[in-house]
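Enquirer: My structure is stored as data.txt, with compact mmCIF, C-alpha atoms.
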```
# COMPACT_ATOMS: atom_id res chain seq x y z
CA MET A 1 20.84 -16.66 -8.00
CA THR A 2 19.51 -14.55 -5.14
CA MET A 3 16.25 -12.83 -6.08
CA ARG A 4 15.90 -9.10 -5.39
CA ILE A 5 12.85 -6.85 -5.25
CA ARG A 6 13.25 -3.97 -7.71
CA LYS A 7 9.69 -3.25 -8.83
CA ALA A 8 6.38 -2.47 -7.17
CA VAL A 9 2.74 -2.47 -8.23
CA PHE A 10 0.27 0.05 -6.84
CA PRO A 11 -3.37 -0.84 -7.60
CA ALA A 12 -5.33 2.42 -7.82
CA ALA A 13 -8.30 1.65 -10.05
CA GLY A 14 -10.94 1.25 -7.31
CA LEU A 15 -13.99 3.48 -7.16
CA GLY A 16 -13.50 4.66 -3.57
CA THR A 17 -17.19 4.30 -2.71
CA ARG A 18 -16.59 4.49 1.05
CA PHE A 19 -15.58 8.15 0.65
CA LEU A 20 -18.42 9.33 -1.55
CA PRO A 21 -19.30 12.05 -2.39
CA ALA A 22 -15.68 13.29 -1.98
CA THR A 23 -14.48 10.65 -4.47
CA LYS A 24 -17.17 11.25 -7.07
CA ALA A 25 -14.83 13.39 -9.17
CA GLN A 26 -11.38 12.74 -7.65
CA PRO A 27 -9.46 9.54 -6.94
CA LYS A 28 -9.55 8.25 -3.39
CA GLU A 29 -5.78 7.97 -3.61
CA MET A 30 -5.56 11.76 -3.96
CA LEU A 31 -7.40 12.55 -0.72
CA PRO A 32 -5.03 14.70 1.36
CA LEU A 33 -3.58 13.37 4.60
CA VAL A 34 -2.63 16.74 6.10
CA ASP A 35 -1.03 18.21 2.95
CA LYS A 36 0.03 15.19 0.88
CA PRO A 37 -2.22 12.79 -1.02
CA LEU A 38 -2.48 9.26 0.33
CA ILE A 39 -0.72 7.78 -2.67
CA GLN A 40 2.38 9.90 -2.12
CA TYR A 41 2.94 8.44 1.36
CA VAL A 42 2.96 4.93 -0.07
CA VAL A 43 5.15 5.84 -3.06
CA GLU A 44 7.61 7.47 -0.65
CA GLU A 45 7.64 4.28 1.42
CA ALA A 46 8.55 2.30 -1.69
CA VAL A 47 11.30 4.75 -2.61
CA ARG A 48 12.75 4.69 0.92
CA SER A 49 12.76 0.90 0.68
CA GLY A 50 14.92 0.95 -2.45
CA ILE A 51 12.27 0.36 -5.12
CA ALA A 52 13.37 1.76 -8.49
CA ASN A 53 10.25 1.23 -10.63
CA ILE A 54 6.58 1.50 -9.74
CA THR A 55 3.63 0.52 -11.91
CA ILE A 56 0.40 2.25 -10.94
CA VAL A 57 -2.73 0.44 -12.08
CA THR A 58 -5.31 3.11 -12.86
CA GLY A 59 -8.80 3.31 -14.26
CA ARG A 60 -11.32 5.81 -15.52
CA GLY A 61 -11.20 9.16 -13.70
CA LYS A 62 -7.70 8.66 -12.28
CA ASN A 63 -5.84 11.24 -14.37
CA ALA A 64 -5.12 13.33 -11.28
CA ILE A 65 -2.69 10.65 -10.09
CA GLU A 66 -0.59 10.93 -13.24
CA ASP A 67 -0.75 14.73 -13.09
CA HIS A 68 0.45 14.72 -9.48
CA PHE A 69 3.65 12.82 -10.28
CA ASP A 70 4.25 14.65 -13.56
CA VAL A 71 6.20 17.88 -14.06
CA SER A 72 4.07 21.01 -13.64
CA TYR A 73 5.95 23.70 -15.53
CA GLU A 74 3.38 26.46 -14.91
CA LEU A 75 3.30 25.86 -11.15
CA GLU A 76 7.08 25.66 -10.95
CA GLN A 77 7.43 28.98 -12.79
CA VAL A 78 4.96 30.67 -10.45
CA LEU A 79 6.81 29.40 -7.37
CA LEU A 80 10.14 30.46 -8.88
CA ASN A 81 8.86 33.97 -9.64
CA ARG A 82 7.53 34.32 -6.11
CA GLY A 83 10.77 33.20 -4.54
CA LYS A 84 9.24 30.15 -2.85
CA GLN A 85 12.27 27.94 -3.26
CA ASP A 86 11.33 25.43 -0.54
CA LEU A 87 7.98 24.69 -2.16
CA LEU A 88 9.59 24.58 -5.59
CA ASP A 89 12.13 22.00 -4.41
CA GLU A 90 9.36 19.91 -2.85
CA ILE A 91 7.25 19.96 -6.02
CA ARG A 92 10.21 19.04 -8.22
CA GLU A 93 11.11 16.15 -5.93
CA ILE A 94 7.64 14.62 -6.42
CA SER A 95 8.10 14.35 -10.18
CA SER A 96 11.63 12.93 -9.96
CA MET A 97 11.53 10.54 -7.00
CA VAL A 98 10.99 7.27 -8.94
CA ASN A 99 10.34 5.79 -12.39
CA LEU A 100 6.58 5.48 -12.82
CA THR A 101 4.59 3.63 -15.45
CA TYR A 102 0.83 3.38 -15.73
CA VAL A 103 -1.39 0.57 -16.93
CA ARG A 104 -5.16 0.63 -17.23
CA GLN A 105 -7.58 -1.73 -15.50
CA LYS A 106 -10.64 -1.24 -17.68
CA GLU A 107 -12.99 -2.93 -15.22
CA ALA A 108 -12.75 -3.05 -11.42
CA LEU A 109 -12.48 -6.84 -11.21
CA GLY A 110 -10.63 -7.11 -7.94
CA LEU A 111 -7.13 -6.90 -6.49
CA GLY A 112 -6.00 -10.12 -8.13
CA HIS A 113 -7.04 -8.83 -11.54
CA ALA A 114 -5.33 -5.47 -10.94
CA ILE A 115 -2.05 -7.24 -10.22
CA LEU A 116 -2.50 -9.42 -13.31
CA VAL A 117 -2.91 -6.28 -15.44
CA ALA A 118 0.61 -5.22 -14.39
CA ARG A 119 2.18 -8.50 -15.52
CA GLU A 120 3.99 -7.13 -18.56
CA SER A 121 5.48 -4.28 -16.55
CA VAL A 122 6.78 -6.58 -13.84
CA GLY A 123 8.17 -9.35 -16.04
CA HIS A 124 9.45 -12.62 -14.60
CA GLU A 125 10.83 -11.39 -11.28
CA PRO A 126 9.57 -10.97 -7.71
CA PHE A 127 7.79 -7.71 -6.95
CA ALA A 128 6.06 -5.70 -4.25
CA VAL A 129 2.39 -4.74 -4.03
CA LEU A 130 1.39 -1.71 -1.96
CA LEU A 131 -2.18 -0.64 -1.22
CA GLY A 132 -2.95 3.00 -0.52
CA ASP A 133 -5.61 2.19 2.07
CA ASP A 134 -2.88 1.24 4.53
CA ILE A 135 -0.62 4.02 5.75
CA ILE A 136 2.15 2.62 7.96
CA ASP A 137 4.23 4.86 10.21
CA SER A 138 7.52 3.19 11.12
CA GLU A 139 11.16 4.12 11.60
CA ILE A 140 12.22 1.49 9.05
CA PRO A 141 9.66 1.44 6.21
CA CYS A 142 7.37 -1.57 6.41
CA LEU A 143 8.26 -2.58 2.87
CA LYS A 144 11.98 -2.38 3.66
CA GLN A 145 11.46 -4.63 6.68
CA MET A 146 9.77 -7.16 4.42
CA MET A 147 12.48 -6.91 1.78
CA ASN A 148 15.09 -7.67 4.42
CA ILE A 149 13.18 -10.84 5.33
CA PHE A 150 12.77 -11.70 1.64
CA GLY A 151 16.54 -11.57 1.22
CA LYS A 152 16.79 -14.45 3.69
CA LEU A 153 13.71 -16.52 2.77
CA GLN A 154 13.52 -15.95 -1.01
CA ALA A 155 9.75 -16.51 -1.00
CA SER A 156 6.48 -14.58 -1.07
CA ILE A 157 5.76 -12.57 2.07
CA ILE A 158 2.49 -11.06 3.33
CA ALA A 159 2.38 -8.21 5.85
CA THR A 160 0.18 -8.94 8.86
CA CYS A 161 -0.88 -7.39 12.13
CA GLU A 162 -3.08 -8.47 15.01
CA VAL A 163 -6.66 -7.15 15.00
CA PRO A 164 -9.47 -7.60 17.57
CA PRO A 165 -12.15 -10.26 16.93
CA SER A 166 -14.75 -7.56 16.30
CA GLU A 167 -12.82 -6.43 13.20
CA ILE A 168 -11.45 -9.70 11.86
CA SER A 169 -14.32 -10.26 9.42
CA SER A 170 -13.16 -7.23 7.42
CA TYR A 171 -9.80 -8.78 6.52
CA GLY A 172 -8.06 -11.67 4.88
CA VAL A 173 -6.68 -13.81 7.70
CA ILE A 174 -3.77 -16.25 7.84
CA ARG A 175 -3.24 -19.57 9.55
CA GLY A 176 0.45 -20.08 10.12
CA THR A 177 3.23 -21.51 12.25
CA PRO A 178 6.12 -19.44 13.70
CA VAL A 179 9.50 -19.67 11.96
CA GLU A 180 12.45 -19.93 14.32
CA GLY A 181 15.08 -17.23 14.29
CA PHE A 182 12.83 -14.25 13.52
CA GLY A 183 11.67 -13.19 16.99
CA ASN A 184 8.10 -14.48 16.59
CA ARG A 185 7.51 -12.10 13.69
CA VAL A 186 7.65 -14.52 10.76
CA PHE A 187 5.14 -17.30 10.16
CA GLN A 188 4.94 -19.94 7.46
CA VAL A 189 1.47 -19.63 6.02
CA GLN A 190 -0.68 -22.76 5.97
CA ASP A 191 -3.86 -21.14 4.70
CA VAL A 192 -5.47 -17.76 3.99
CA VAL A 193 -9.16 -17.03 4.45
CA GLU A 194 -10.94 -13.99 3.00
CA LYS A 195 -13.13 -12.11 5.51
CA PRO A 196 -14.11 -15.00 7.82
CA PRO A 197 -16.74 -14.60 10.57
CA ALA A 198 -15.06 -13.99 13.92
CA GLY A 199 -15.94 -17.47 15.17
CA GLU A 200 -14.38 -19.13 12.11
CA ALA A 201 -11.20 -17.07 11.73
CA PRO A 202 -8.05 -19.24 11.87
CA SER A 203 -6.18 -16.55 13.86
CA ASN A 204 -6.23 -12.86 14.72
CA MET A 205 -3.49 -12.14 12.15
CA ALA A 206 -4.98 -9.93 9.45
CA ILE A 207 -3.43 -9.38 6.04
CA ILE A 208 -2.39 -5.74 5.50
CA GLY A 209 -1.80 -4.02 2.18
CA ARG A 210 1.86 -4.90 1.65
CA TYR A 211 2.93 -7.99 -0.30
CA LEU A 212 6.10 -9.39 -1.79
CA LEU A 213 5.16 -11.90 -4.47
CA THR A 214 7.10 -14.26 -6.70
CA PRO A 215 6.24 -14.18 -10.43
CA GLU A 216 4.57 -17.60 -10.19
CA ILE A 217 1.52 -15.72 -8.92
CA PHE A 218 0.74 -14.46 -12.44
CA PRO A 219 -0.22 -17.74 -14.15
CA ILE A 220 -2.17 -18.63 -11.02
CA LEU A 221 -4.18 -15.40 -11.11
CA GLU A 222 -4.77 -15.95 -14.82
CA LYS A 223 -6.56 -19.20 -13.98
CA THR A 224 -8.27 -18.02 -10.79
CA ARG A 225 -12.04 -17.90 -11.06
CA SER A 226 -14.01 -14.85 -10.02
CA GLY A 227 -15.27 -14.99 -6.47
CA ARG A 228 -17.45 -12.71 -4.37
CA GLY A 229 -18.76 -9.72 -6.33
CA GLY A 230 -17.36 -11.08 -9.59
CA GLU A 231 -13.82 -10.20 -8.49
CA ILE A 232 -10.58 -12.15 -8.76
CA GLN A 233 -9.34 -12.32 -5.17
CA LEU A 234 -5.62 -12.19 -4.46
CA THR A 235 -6.18 -14.41 -1.41
CA ASP A 236 -7.51 -17.16 -3.69
CA GLY A 237 -4.36 -16.86 -5.79
CA ILE A 238 -2.13 -17.01 -2.71
CA ARG A 239 -3.95 -20.13 -1.51
CA THR A 240 -3.07 -21.83 -4.78
CA LEU A 241 0.50 -20.54 -4.62
CA LEU A 242 0.82 -22.30 -1.26
CA GLU A 243 0.47 -25.61 -3.09
CA GLN A 244 3.57 -24.83 -5.18
CA GLN A 245 5.97 -23.01 -2.86
CA PRO A 246 6.28 -21.61 0.69
CA VAL A 247 4.57 -18.34 1.56
CA TYR A 248 5.37 -16.43 4.72
CA ALA A 249 3.61 -13.80 6.83
CA TYR A 250 5.52 -11.00 8.55
CA LYS A 251 4.24 -9.12 11.60
CA PHE A 252 5.75 -5.73 10.85
CA ASP A 253 7.05 -3.17 13.32
CA GLY A 254 5.09 0.09 13.09
CA THR A 255 1.71 1.74 13.43
CA ARG A 256 -0.82 1.08 10.71
CA TYR A 257 -3.72 3.39 9.85
CA ASP A 258 -6.70 2.20 7.84
CA ALA A 259 -7.02 5.20 5.54
CA GLY A 260 -9.69 3.40 3.52
CA ASP A 261 -12.10 3.88 6.41
CA LYS A 262 -13.46 7.31 7.37
CA LEU A 263 -12.65 6.96 11.06
CA GLY A 264 -9.22 5.51 10.30
CA PHE A 265 -8.56 8.38 7.90
CA LEU A 266 -9.45 10.92 10.58
CA LYS A 267 -7.22 9.19 13.13
CA ALA A 268 -4.32 9.21 10.68
CA THR A 269 -4.87 12.91 9.96
CA VAL A 270 -4.73 13.78 13.66
CA GLU A 271 -1.67 11.62 14.36
CA PHE A 272 0.30 12.85 11.35
CA ALA A 273 -0.58 16.49 12.08
CA LEU A 274 0.57 16.11 15.68
CA GLY A 275 3.86 14.71 14.44
CA ARG A 276 4.60 17.70 12.22
CA ARG A 277 7.16 20.22 13.45
CA ASP A 278 5.32 23.10 11.79
CA LEU A 279 1.85 22.12 13.02
CA GLY A 280 2.15 19.80 16.00
CA THR A 281 2.49 22.29 18.85
CA GLU A 282 -0.39 24.56 17.83
CA PHE A 283 -2.60 21.66 16.79
CA ARG A 284 -2.04 19.89 20.12
CA ALA A 285 -2.97 23.07 21.98
CA TYR A 286 -6.11 23.36 19.88
CA LEU A 287 -7.16 19.78 20.63
CA LYS A 288 -6.64 20.36 24.36
CA SER A 289 -8.86 23.43 24.17
CA LEU A 290 -11.83 21.46 22.83
CA LYS A 291 -14.63 20.69 25.24
CA LEU A 292 -14.99 16.96 24.59
```
Can the structure in the file be given as structure tokens, please?

Expert:
Amino acid sequence: MTMRIRKAVFPAAGLGTRFLPATKAQPKEMLPLVDKPLIQYVVEEAVRSGIANITIVTGRGKNAIEDHFDVSYELEQVLLNRGKQDLLDEIREISSMVNLTYVRQKEALGLGHAILVARESVGHEPFAVLLGDDIIDSEIPCLKQMMNIFGKLQASIIATCEVPPSEISSYGVIRGTPVEGFGNRVFQVQDVVEKPPAGEAPSNMAIIGRYLLTPEIFPILEKTRSGRGGEIQLTDGIRTLLEQQPVYAYKFDGTRYDAGDKLGFLKATVEFALGRRDLGTEFRAYLKSLKL
């Protein structure tokens, strides 16, 4: 039988320390990129890709995420009474766009552990993992591009992009060989290395926060020992998965913004604001007026 991707996991239990003090009392995932929280961009990407069910892995202090995607009767009534139908429609769409479930990661024990926590929600079928730190602007959603490739390869797929040597030590990195017939965008992964020094990196292909994983990853993560910082690393699990079945890397088409980094977040804010019909013209004029 041909496997299909129907479910996605969104790990959102991290502490967001790189954005302190803004994230002291609110989830990093709820930081606004123009006028929508980061997490909404990624959920919308999943929905546009055809995902029907999303499991969000939360932790302490993350209630705002659940509130955001829940129905807000009081707010809806206020907007209705004030005749703000456009805003009302937009708010209602947020709470009805996809089936959401929530599971709790009681300790921040790494990305691999967060995915393992969602095991019961996913069941024994392939699934997507999306990280909110990576906002990807593309005509065809990045996840949809990957799902199209998955339909042909029927194997785990990691999203990748090229990064300069000065930044490579901040990423997981793949070593792979090109697969014919995919326009030099698909590589069969031979190894993955977590945050290698620039001189030891096997390539300049960095792993980005989009994954399609087969369910065989779960028993592997269950047995994976804690690594750096006492965390269960997904890259360690993928390395073991390579011993059992093929894993591929896909160089996606689109522009990726590192919203988990302050400078990357600012760049994304500027680019997305410039692309807005209601803001772009005036904002561009403002930027040109600055004495830089």

Enquirer: Counting all atoms listed in the file, find residues at most 9 Å from (9.4, 3.8, 9.5) (file frame) and give them as an NGL selection string.

Expert: :A and (45 or 136-142 or 144 or 253-255)

Enquirer: Interatomic distance between atom CA of A:Ala64 and atom CA of A:Lys36?

Expert: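 Between atom CA of A:Ala64 and atom CA of A:Lys36 the gap works out to 13.3 Å.
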
Enquirer: Compile the contact shell of stretch 237-249 of chain A as a ChimeraX atom specification: residues with an atom at most 7 Å away, counting all atoms listed in the file, same-chain residues fewer than 2 positions apart removed.

Expert: /A:155-160,186-189,191-192,217,220-221,224,233-235,251

Enquirer: Would you compute the distance between atom CA of A:Phe69 and atom CA of A:Leu100? Give it in Å to one decimal.

Expert: 8.3 Å

Enquirer: How many Å lie between atom CA of A:Lys267 and atom CA of A:Gly110, rounded to one decimal?

Expert: 26.9 Å

Enquirer: Rank nothing, just name the residue among A:Ile91, A:Leu287, A:Val47, A:Val9 nearest to A:Ala114, using only C-alpha atoms.

Expert: A:Val9

Enquirer: What lies within 7 Å of A:Thr269 using all atoms listed in the file, ignoring chain neighbours under 3 positions off, as a ChimeraX atom specification?

Expert: /A:33-34,265-266,272-273

Enquirer: Closest to A:Ser170 among A:Asp261, A:Phe150, A:His68, A:Gln145, using all atoms listed in the file?

Expert: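 Looking at the shortest contact to A:Ser170, the residue is A:Asp261.
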
Enquirer: With only C-alpha atoms as the counted atoms, please give the residues lying no more than 8 Å from stretch 120-128 of chain A, apart from itself and same-chain residues fewer than 2 positions off, as a PyMOL selection string.

Expert: chain A and resi 3-9+55+117-118+130+210-215

Enquirer: Please work out which residues fall within 6 Å of (11.1, 3.0, -13.6), coordinates as given in the file, with all atoms listed in the file counting, and return them as a list in words.

Expert: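 Residues found, by chain and rising number: Ala52, Asn53, Asn99 and Leu100 of chain A.
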
Enquirer: Store the residues of this selection in a file with C-alpha atoms, as a CSV table (one decimal), in the frame of the given file.

Expert:
```csv
chain,number,residue,atom,x,y,z
A,52,ALA,CA,13.4,1.8,-8.5
A,53,ASN,CA,10.2,1.2,-10.6
A,99,ASN,CA,10.3,5.8,-12.4
A,100,LEU,CA,6.6,5.5,-12.8
```

Enquirer: Return the single residue from A:Glu167, A:Glu216, A:Glu282, A:Glu180 that is closest to A:Lys195, with distances computed using only C-alpha atoms.

Expert: A:Glu167

Enquirer: Please provide the set of residues having any atom within 8 Å of A:Ile65, restricted to only C-alpha atoms, with same-chain residues fewer than 6 positions apart removed, written as a JSON list (two decimals) with C-alpha atoms, in the coordinates of the input.

Expert:
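Just written: around.json:
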```
[["chain", "number", "residue", "atom", "x", "y", "z"],
["A", 27, "PRO", "CA", -9.46, 9.54, -6.94],
["A", 29, "GLU", "CA", -5.78, 7.97, -3.61],
["A", 30, "MET", "CA", -5.56, 11.76, -3.96]]
```

Enquirer: Out of A:Ser169, A:Thr101, A:Thr23, A:Ser49, which residue has the shortest atom-to-atom distance to A:Gly260 when counting only C-alpha atoms?

Expert: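 Among the listed residues, A:Thr23 lies closest to A:Gly260.
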